[in-house]
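Q: File run_39.cif below, mmCIF, C-alpha atoms:
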```
data_input
loop_
_atom_site.label_atom_id
_atom_site.label_comp_id
_atom_site.auth_asym_id
_atom_site.auth_seq_id
_atom_site.Cartn_x
_atom_site.Cartn_y
_atom_site.Cartn_z
CA GLY A 1035 -15.50 -23.60 4.53
CA GLY A 1036 -14.26 -20.57 2.58
CA THR A 1037 -13.09 -17.01 2.98
CA TYR A 1038 -14.84 -14.54 5.25
CA GLY A 1039 -16.44 -12.91 2.23
CA GLU A 1040 -17.77 -16.23 1.01
CA GLN A 1041 -19.21 -17.28 4.38
CA LEU A 1042 -20.23 -14.07 6.17
CA ALA A 1043 -23.66 -13.45 4.62
CA ALA A 1044 -24.87 -17.00 5.33
CA LEU A 1045 -23.53 -16.94 8.89
CA LEU A 1046 -25.24 -13.63 9.64
CA ALA A 1047 -28.48 -14.70 7.94
CA ASP A 1048 -28.54 -17.78 10.20
CA ARG A 1049 -28.63 -15.33 13.10
CA GLY A 1050 -31.43 -13.25 11.59
CA ILE A 1051 -29.22 -10.39 10.34
CA PRO A 1052 -29.96 -9.52 6.71
CA THR A 1053 -26.68 -8.81 4.97
CA VAL A 1054 -25.36 -7.97 1.53
CA VAL A 1055 -21.73 -8.95 1.19
CA SER A 1056 -19.50 -7.52 -1.48
CA HIS A 1057 -16.39 -9.67 -1.63
CA ALA A 1058 -13.31 -8.08 -3.18
CA GLY A 1059 -10.84 -10.77 -2.21
CA THR A 1060 -8.72 -12.67 -4.68
CA TRP A 1061 -6.99 -16.01 -4.57
CA PHE A 1062 -3.60 -15.46 -2.94
CA GLY A 1063 -4.37 -11.73 -2.87
CA ARG A 1064 -2.15 -9.18 -1.20
CA ILE A 1065 -3.07 -5.75 0.14
CA SER A 1066 -0.66 -4.24 -2.39
CA ASP A 1067 -2.77 -5.79 -5.19
CA SER A 1068 -5.96 -4.19 -3.84
CA VAL A 1069 -4.66 -0.64 -3.27
CA PRO A 1070 -4.82 0.31 -6.99
CA HIS A 1071 -8.46 -0.90 -7.08
CA TYR A 1072 -9.58 0.77 -3.86
CA GLU A 1073 -12.35 2.85 -5.48
CA ARG A 1074 -13.90 -0.06 -7.38
CA ASP A 1075 -13.48 -2.75 -4.72
CA VAL A 1076 -14.05 -0.81 -1.50
CA ARG A 1077 -15.15 2.80 -1.66
CA ASP A 1078 -17.89 2.50 -4.26
CA HIS A 1079 -19.81 0.01 -2.09
CA PHE A 1080 -20.23 2.45 0.83
CA ALA A 1081 -20.27 -0.42 3.29
CA ASP A 1082 -21.45 -0.11 6.86
CA VAL A 1083 -18.79 -2.61 7.91
CA LEU A 1084 -15.49 -3.43 6.21
CA VAL A 1085 -13.76 -6.67 7.16
CA VAL A 1086 -10.06 -6.55 6.30
CA ASN A 1087 -8.18 -9.85 6.25
CA TYR A 1088 -4.71 -9.72 4.74
CA GLY A 1089 -1.28 -10.87 5.79
CA MET A 1090 -1.01 -14.60 5.14
CA ALA A 1091 0.12 -14.22 1.53
CA GLU A 1092 2.30 -11.20 2.33
CA CYS A 1093 4.28 -12.87 5.13
CA GLN A 1094 5.21 -15.97 3.15
CA SER A 1095 8.74 -16.51 1.96
CA ALA A 1096 9.15 -15.29 -1.62
CA LEU A 1097 11.23 -18.17 -2.86
CA LEU A 1098 9.01 -18.63 -5.87
CA PRO A 1099 7.59 -15.58 -7.64
CA THR A 1100 3.95 -14.92 -6.73
CA PRO A 1101 2.75 -15.06 -10.37
CA VAL A 1102 4.34 -18.52 -10.73
CA VAL A 1103 2.62 -19.80 -7.56
CA ARG A 1104 -0.71 -18.33 -8.71
CA HIS A 1105 -0.32 -19.92 -12.14
CA LEU A 1106 0.56 -23.35 -10.79
CA THR A 1107 -2.12 -23.42 -8.08
CA THR A 1108 -5.04 -21.71 -9.82
CA TRP A 1109 -8.49 -23.19 -9.59
CA HIS A 1110 -9.42 -21.71 -12.98
CA ARG A 1111 -9.69 -24.41 -15.59
CA THR A 1112 -10.31 -24.39 -19.30
CA SER A 1113 -12.13 -26.59 -21.76
CA ARG A 1114 -9.46 -26.34 -24.48
CA PRO A 1115 -7.81 -29.76 -24.97
CA GLY A 1116 -4.20 -28.52 -25.15
CA ALA A 1117 -4.54 -26.33 -22.08
CA ARG A 1118 -6.37 -29.08 -20.23
CA ALA A 1119 -3.56 -31.55 -21.00
CA TYR A 1120 -0.99 -28.98 -19.82
CA ARG A 1121 -2.93 -28.46 -16.55
CA ASN A 1122 -3.39 -32.21 -15.98
CA LYS A 1123 0.05 -33.50 -16.98
CA VAL A 1124 2.71 -30.76 -16.96
CA VAL A 1125 1.64 -28.51 -14.08
CA PRO A 1126 1.45 -31.25 -11.40
CA ALA A 1127 4.96 -32.47 -12.21
CA VAL A 1128 6.42 -28.96 -12.26
CA TRP A 1129 4.57 -28.00 -9.09
CA ARG A 1130 5.85 -31.09 -7.21
CA THR A 1131 9.44 -30.17 -8.04
CA LEU A 1132 9.03 -26.48 -7.22
CA ARG A 1133 7.13 -27.26 -4.01
CA GLU A 1134 10.01 -29.44 -2.78
CA TYR A 1135 12.47 -26.66 -3.64
CA GLN A 1136 10.27 -24.13 -1.84
CA ARG A 1137 10.14 -26.32 1.27
CA TRP A 1138 13.92 -26.81 1.25
CA ALA A 1139 14.65 -23.11 0.69
CA ALA A 1140 12.05 -21.86 3.21
CA SER A 1141 13.71 -23.91 5.94
CA ARG A 1142 16.92 -21.93 5.27
CA ASP A 1143 15.39 -18.48 4.65
CA ASP A 1144 15.39 -17.20 8.26
CA GLY A 1145 12.80 -14.54 7.43
CA ARG A 1146 14.94 -12.68 4.88
CA THR A 1147 12.38 -12.80 2.07
CA HIS A 1148 8.64 -12.14 2.01
CA ARG A 1149 5.97 -11.60 -0.63
CA LEU A 1150 5.46 -8.05 0.65
CA ASN A 1151 7.90 -6.13 2.81
CA PRO A 1152 6.53 -5.71 6.37
CA ARG A 1153 6.87 -1.90 6.21
CA ARG A 1154 4.98 -1.75 2.93
CA PHE A 1155 2.34 -4.09 4.34
CA VAL A 1156 1.72 -1.70 7.26
CA THR A 1157 1.75 1.32 4.93
CA ASP A 1158 -0.75 -0.20 2.49
CA MET A 1159 -3.03 -1.45 5.28
CA THR A 1160 -2.97 1.95 7.01
CA ARG A 1161 -3.60 3.79 3.76
CA THR A 1162 -6.57 1.61 2.85
CA ILE A 1163 -8.14 1.85 6.31
CA ASP A 1164 -7.61 5.64 6.48
CA LEU A 1165 -9.12 6.12 3.01
CA VAL A 1166 -12.23 4.06 3.71
CA ARG A 1167 -12.80 5.72 7.09
CA LYS A 1168 -12.64 9.17 5.47
CA ASP A 1169 -14.71 8.24 2.41
CA CYS A 1170 -17.45 6.06 3.91
CA ALA A 1171 -16.99 5.99 7.71
CA PRO A 1172 -17.74 2.26 8.14
CA LEU A 1173 -16.85 0.14 11.10
CA VAL A 1174 -13.50 -1.40 10.10
CA LEU A 1175 -12.78 -4.86 11.45
CA LEU A 1176 -9.12 -5.71 11.01
CA LEU A 1177 -8.70 -9.44 11.49
CA ASP A 1178 -5.63 -11.15 12.82
CA ILE A 1179 -3.85 -13.52 10.50
CA ASP A 1180 -5.16 -17.02 11.09
CA PRO A 1181 -2.41 -19.27 12.45
CA PRO A 1182 -1.06 -21.40 9.61
CA GLY A 1183 -2.04 -25.02 9.74
CA GLU A 1184 0.31 -27.99 9.80
CA ARG A 1185 0.15 -28.41 6.02
CA LEU A 1186 1.21 -24.83 5.27
CA GLU A 1187 3.93 -24.99 7.92
CA HIS A 1188 5.13 -28.26 6.34
CA TRP A 1189 5.45 -26.74 2.86
CA LEU A 1190 6.66 -23.32 4.01
CA PRO A 1191 8.60 -23.85 7.23
CA GLY A 1192 8.71 -20.73 9.40
CA THR A 1193 5.36 -19.33 8.25
CA ALA A 1194 3.92 -19.36 11.78
CA VAL A 1195 6.76 -17.13 13.02
CA ARG A 1196 6.35 -14.84 10.02
CA ALA A 1197 2.57 -14.56 10.54
CA ARG A 1198 3.10 -13.49 14.16
CA ARG A 1199 5.50 -10.78 12.97
CA TYR A 1200 2.95 -9.38 10.51
#
```
Spit out the file's structure as structure tokens when you get a sec.

A:
Amino acid sequence: GGTYGEQLAALLADRGIPTVVSHAGTWFGRISDSVPHYERDVRDHFADVLVVNYGMAECQSALLPTPVVRHLTTWHRTSRPGARAYRNKVVPAVWRTLREYQRWAASRDDGRTHRLNPRRFVTDMTRTIDLVRKDCAPLVLLLDIDPPGERLEHWLPGTAVRARRY
């Protein structure tokens, strides 16, 4: 039904727990993207609880550059006719071709590429958690990576193995 940040407040309210949720997540976001914005997105909220859920984007094979994937799969739309035609006609055709390439290449990757190096992933996660604990002292809930579904495993073979590694 959505990300943890999108669903948490409603789920807790259903159980009689008043909650204010500040959601700093981004579509296809990586921990390395959030580190430069730590003060704005995390520290300045002085949360009692911080839920950290990263890893799925980071562990994926980097056969297509992340900005290209974000551009081709964005949910942001425009009302300008030229851009709308590009999004409706050009992007689906390009994405179909690149998605097939990505599937073919991921099946041969053997874990050599990733969107964020495992060592850097651990370093950035540790840094963020250490900073927030020192600055605000919240309860930090570090979530496991959700197992990839059949569809993701179909389009990026080997993602389940990668997710377990991260």

Q: Selection in question (the file shown): the PyMOL selection byres ((chain A and resi 1051-1054) around 12). Which residues does it include, as a PyMOL selection string?

A: chain A and resi 1039-1050+1055-1057+1079-1084

Q: Which residue out of A:Cys1170, A:Ile1065, A:Leu1165, A:Val1125 has the minimum interatomic distance to Ala1091 (chain A) when only C-alpha atoms are used?

A: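 Nearest candidate to Ala1091 (chain A) out of A:Cys1170, A:Ile1065, A:Leu1165, A:Val1125: A:Ile1065.
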
Q: Any idea what the distance is between CA of Leu1190 (chain A) and CA of His1105 (chain A)?

A: 17.9 Å

Q: With the PyMOL selection byres ((chain A and resi 1196) around 9) as the selection, what would be picked from this file? Answer as a list in words, please.

A: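 For this structure, the PyMOL selection byres ((chain A and resi 1196) around 9) captures Met1090, Cys1093, Gln1094, Ser1095, Gly1145, His1148, Gly1192, Thr1193, Ala1194, Val1195, Ala1197, Arg1198, Arg1199 and Tyr1200 of chain A.
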
Q: Which residue is closest to Asn1087 (chain A)? Choose from A:Asp1158, A:Glu1134, A:Asp1178, A:Asp1143 and count only C-alpha atoms.

A: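 Looking only at the distances to Asn1087 (chain A), the closest residue turns out to be A:Asp1178.
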
Q: Mind writing region 1140-1171 of chain A to a file for me, with N, CA and C atoms, as a compact mmCIF listing (two decimals), in the first residue's frame?

A:
```txt
# COMPACT_ATOMS: atom_id res chain seq x y z
N ALA A 1140 21.66 -8.57 -16.15
CA ALA A 1140 21.61 -8.92 -14.73
C ALA A 1140 21.78 -10.42 -14.54
N SER A 1141 21.29 -11.21 -15.47
CA SER A 1141 21.43 -12.66 -15.35
C SER A 1141 22.88 -13.11 -15.54
N ARG A 1142 23.74 -12.23 -16.03
CA ARG A 1142 25.15 -12.54 -16.26
C ARG A 1142 26.08 -11.76 -15.34
N ASP A 1143 25.55 -10.94 -14.48
CA ASP A 1143 26.34 -10.02 -13.65
C ASP A 1143 27.10 -10.71 -12.52
N ASP A 1144 26.51 -11.73 -11.92
CA ASP A 1144 27.14 -12.46 -10.81
C ASP A 1144 27.54 -11.57 -9.65
N GLY A 1145 26.77 -10.52 -9.39
CA GLY A 1145 27.02 -9.67 -8.22
C GLY A 1145 28.21 -8.73 -8.34
N ARG A 1146 28.71 -8.51 -9.54
CA ARG A 1146 29.89 -7.64 -9.70
C ARG A 1146 29.54 -6.16 -9.62
N THR A 1147 28.32 -5.79 -10.01
CA THR A 1147 27.95 -4.37 -9.96
C THR A 1147 26.83 -4.18 -8.95
N HIS A 1148 26.69 -2.96 -8.48
CA HIS A 1148 25.62 -2.59 -7.55
C HIS A 1148 25.46 -1.08 -7.62
N ARG A 1149 24.30 -0.61 -7.19
CA ARG A 1149 24.05 0.84 -7.25
C ARG A 1149 24.80 1.58 -6.15
N LEU A 1150 25.18 0.87 -5.10
CA LEU A 1150 26.03 1.44 -4.06
C LEU A 1150 26.87 0.32 -3.49
N ASN A 1151 28.16 0.50 -3.50
CA ASN A 1151 29.09 -0.49 -2.98
C ASN A 1151 28.69 -0.94 -1.58
N PRO A 1152 28.72 -2.24 -1.29
CA PRO A 1152 28.31 -2.72 0.05
C PRO A 1152 29.06 -2.04 1.19
N ARG A 1153 30.36 -1.81 1.04
CA ARG A 1153 31.12 -1.15 2.11
C ARG A 1153 30.63 0.28 2.33
N ARG A 1154 30.36 0.98 1.24
CA ARG A 1154 29.86 2.35 1.38
C ARG A 1154 28.46 2.36 1.98
N PHE A 1155 27.65 1.37 1.61
CA PHE A 1155 26.31 1.25 2.18
C PHE A 1155 26.40 1.14 3.70
N VAL A 1156 27.24 0.25 4.19
CA VAL A 1156 27.41 0.08 5.64
C VAL A 1156 27.95 1.36 6.27
N THR A 1157 28.92 1.99 5.64
CA THR A 1157 29.50 3.22 6.18
C THR A 1157 28.45 4.33 6.27
N ASP A 1158 27.68 4.53 5.21
CA ASP A 1158 26.65 5.58 5.22
C ASP A 1158 25.53 5.29 6.21
N MET A 1159 25.13 4.03 6.30
CA MET A 1159 24.09 3.66 7.28
C MET A 1159 24.60 3.90 8.70
N THR A 1160 25.81 3.44 8.99
CA THR A 1160 26.38 3.60 10.32
C THR A 1160 26.54 5.08 10.67
N ARG A 1161 27.02 5.86 9.73
CA ARG A 1161 27.20 7.29 9.95
C ARG A 1161 25.88 7.97 10.28
N THR A 1162 24.86 7.68 9.50
CA THR A 1162 23.55 8.30 9.72
C THR A 1162 22.98 7.90 11.07
N ILE A 1163 23.04 6.63 11.41
CA ILE A 1163 22.50 6.16 12.69
C ILE A 1163 23.28 6.75 13.86
N ASP A 1164 24.61 6.78 13.76
CA ASP A 1164 25.43 7.37 14.83
C ASP A 1164 25.11 8.85 15.02
N LEU A 1165 24.98 9.58 13.90
CA LEU A 1165 24.68 11.01 13.98
C LEU A 1165 23.34 11.26 14.68
N VAL A 1166 22.31 10.55 14.25
CA VAL A 1166 20.98 10.80 14.81
C VAL A 1166 20.92 10.39 16.28
N ARG A 1167 21.61 9.33 16.64
CA ARG A 1167 21.62 8.93 18.06
C ARG A 1167 22.30 9.98 18.92
N LYS A 1168 23.37 10.57 18.42
CA LYS A 1168 24.08 11.61 19.18
C LYS A 1168 23.29 12.92 19.22
N ASP A 1169 22.67 13.28 18.10
CA ASP A 1169 21.96 14.56 18.01
C ASP A 1169 20.61 14.55 18.72
N CYS A 1170 19.84 13.49 18.57
CA CYS A 1170 18.45 13.49 19.01
C CYS A 1170 18.10 12.36 19.97
N ALA A 1171 18.90 11.33 20.02
CA ALA A 1171 18.69 10.16 20.87
C ALA A 1171 17.33 9.47 20.66
```
